[in-house]
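> Take a look at this one; I'll ask things after.
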Amino acid sequence: MNNIYMPSPYKILDIQQVTNIEWLFKVEFDRADEINYGQFIQISIPKVGEAPISVTEFNSEEGWIEFLIRKVGKVTDVLFDLKAGDTLFLRGPYGNGFPFDEKYRDKHLVIVAGGSGCGPVRSMINAVHKKFESVKKMELILGFKDTNCIIFKDEIGSWQKENNLVLTVDKMCEGDSCDLGVNEGLVTQHVNKLDLSDIDDLEVVIVGPPMMMKFAAMEFEKHGVPEEKIWLSFERKMSCAVGKCGHCKINETYVCLEGPVFNYTKGKKLLD
Amino acid sequence: MNLKISMSKTNFNESLKKLEEKYKIYAPKNFPFAGKFSDIDLVRYAEVSTIEEMVFDKKSDFSPKEILLPQTETMFYFTEEEYKEPKVEEKGTLVFLKSCDLHSVKIFDEIYLKNKFSDIYYSQRRDKIKFVVVGCKTGFDSCFCASMGTNIPKNYNMGINIREDEVQLEILDEELKTNFQGQEKYFEIDKVVMNKIELNVPDEINLEDVINLDLWREYDKRCVACGKCNFVCPTCTCTTTQDIFYSENENTGERRRVWASCHVDGFTDMAGGHEFRKKHGDRMRFKTMHKIGDFKKRFGYHMCTGCGRCDDACPEYISFSNCIKKLTAILGGEDE
């Protein structure tokens, strides 16, 4: 029997700073073909610990995987001292990921992401944008605290050219500058800029801080979008990622096994 | 076929001695003055060699779960960049336990062998354990095993009744049959028929019906979030992973997992500061629903075995059986 907790060593290929507190780590990975959009990996640093991190992009042909990492904890603190060429330990992918094949293909896909919530949806957006996956139409609302917090600027610029994309910041500060057209206000204030004419064809993905997901989902409900067409991605403390340690459990639900992506019919009941 | 025999305690001890060559033998044992107050003894599982060392006339303060899942367990040793798994114990394990605790083993199996992934540390240990169920006639004041259906032992390798001058053995395991010899005797393993505490636990509880109850607010203040109820519980299976390095040589260290408690602060804290179930009463609700609600939804039967150790351990005298009673009453059941 194999040990589900045994991580494997992989080489860091590249590290890029994207904001003051967020960095993009590109790591060699030989199991990228097993990854589904929105899944996560346990990143492990011996003598420091393990942390669950979303896969933000992957390429199975070239054999790499990318993580958007914010410096907030014990493991991520140490990650920021590493350099390209250093070794990381990984196990996974874990969790369900987004049901693209079953639910989103050839539909009108709306993705609302807030801050580092862009991480889990980026691979799916890129796949659609580069026509690896087909949808009828993709529309995006991406929200950030301020213009300095905007991540993936180059990609947003390119997504903007072919898709209806609303980029918004909570508050515009004096001297803020960004080449992309930036709006002001919370993501909920821009839902009316989407084409919600054919709700039957719509699937809405919302990823961000808990409060942002809650109010964004309520906003779509107000616009007549049924609960079963709304999808959320949760974040929880985890130790094992394989249904043993109990930390991620919300009532009867193990986020690591049944999530992190939940349909809103279930997600709205995941209260604590 | 099961074999039913009677032996003198001296002969039983002789047979145990022979078994010790191949097995580590665990039973509840008395630790003088190690209890929660001064002058109080502690009864917990430890290695024993004779039947006289085994304590079954008092309830063990801790359950046998520390044999299934040690309080602290090394998962990996780190030397430079290498992850090395610890050596596996070669000897088998023989555990003497009561029916309620035997039922908790099945619950551990559900989480650690099933629930989508199987855990190698647990399964390696579990494969080598044999269980000796010890007859229990009356239970103790805080027990409610009969209400939880754990008073009837199932799936054991051997059963015994400990009497004043003899040990009665029902042996099912072929290897153990060769180890214990005595006079054939007809008897049944003692079982609790009725406890002082009787509960009507609802078959199904909907979270929506209980999540906003005032009942939980009582525990906001009473519960001090010490986690003792979780640590003494035979079916609390949660752990936290911890990495350490040795101060003598920072290049080496280990990854461990240690028991965790959903009542204790920090259980849900995420890097960055998000925290869930801040109120202690909500933690009580979370635990209660796991024990008598959502585990059953997933695996088909209640997680709580009715051993009552949480009631015995709580420094605030919170009674879990009382909480179940109140909940049943609120939900329109027949209790209270």
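Just so we're on the same page: first chain in the structure tokens is A, next is B, and so on; residues restart at 1 for each chain, and ligands are numbered from 1 in the order they show up.
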Neighbouring residues of Gly293 (chain B) were defined as those with any atom within 8 Å, considering only C-alpha atoms; residues of the same chain fewer than 4 positions away were excluded. Please report them as a list in words.
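Residues meeting the cut-off are Glu204, Ile205, Asn206, Thr288, Met289, Lys297 and His302 of chain B.
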> Do a neighbour search on Leu327 (chain B) at 8 Å with only C-alpha atoms, toss out local chain neighbours closer than 4 positions, and write the hits as a PyMOL selection string.
chain B and resi 215+323+331
> With distances taken over only C-alpha atoms, which of A:Val225, A:Ile230, A:Ile41, A:Ile53 is nearest to chain B?
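Selected residue with least distance to chain B: A:Ile53.
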> Find the residues around Cys226 (chain B) up to 9 Å (only C-alpha atoms counted), leave out those fewer than 6 positions away in its own chain, and share them as JSON, numbers by chain.
{"B": [261, 263, 264, 265, 314, 315]}
> Next, the residues of the selection above should be written as a PDB file, in the first residue's frame with N, CA and C atoms.

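Result written to out.pdb:
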ATOM      1  N   SER B 261      -8.322  18.862  18.684  1.00  0.00           N
ATOM      2  CA  SER B 261      -9.642  19.013  19.286  1.00  0.00           C
ATOM      3  C   SER B 261     -10.425  20.127  18.617  1.00  0.00           C
ATOM      4  N   HIS B 263     -12.805  21.599  19.861  1.00  0.00           N
ATOM      5  CA  HIS B 263     -13.223  22.573  20.874  1.00  0.00           C
ATOM      6  C   HIS B 263     -12.136  23.611  21.156  1.00  0.00           C
ATOM      7  N   VAL B 264     -10.902  23.249  20.844  1.00  0.00           N
ATOM      8  CA  VAL B 264      -9.774  24.106  21.228  1.00  0.00           C
ATOM      9  C   VAL B 264      -9.551  25.207  20.188  1.00  0.00           C
ATOM     10  N   ASP B 265      -9.184  26.405  20.656  1.00  0.00           N
ATOM     11  CA  ASP B 265      -8.891  27.531  19.757  1.00  0.00           C
ATOM     12  C   ASP B 265      -7.869  27.112  18.702  1.00  0.00           C
ATOM     13  N   CYS B 314     -15.072  16.546  31.844  1.00  0.00           N
ATOM     14  CA  CYS B 314     -15.315  17.991  31.694  1.00  0.00           C
ATOM     15  C   CYS B 314     -15.108  18.747  33.004  1.00  0.00           C
ATOM     16  N   PRO B 315     -14.227  19.764  33.008  1.00  0.00           N
ATOM     17  CA  PRO B 315     -13.998  20.534  34.234  1.00  0.00           C
ATOM     18  C   PRO B 315     -15.181  21.437  34.581  1.00  0.00           C
TER      19      PRO B 315
END
> Provide the CA of Gly308 (chain B) to CA of Phe144 (chain B) distance in Å, to one decimal place.
6.9 Å
> With distances taken over only C-alpha atoms, which of A:Pro210, A:Gly157, A:Gly38, A:Gly143 is nearest to chain B?
A:Pro210
> Which residues of chain B are close to chain A, meaning at most 8 Å apart when you count only C-alpha atoms, and how do they look as an MDAnalysis selection string?
chainID B and resid 78 81 83 111:112 115:120 237:245 252:255 262 267:272 276:277 282 286 289:290 294:295
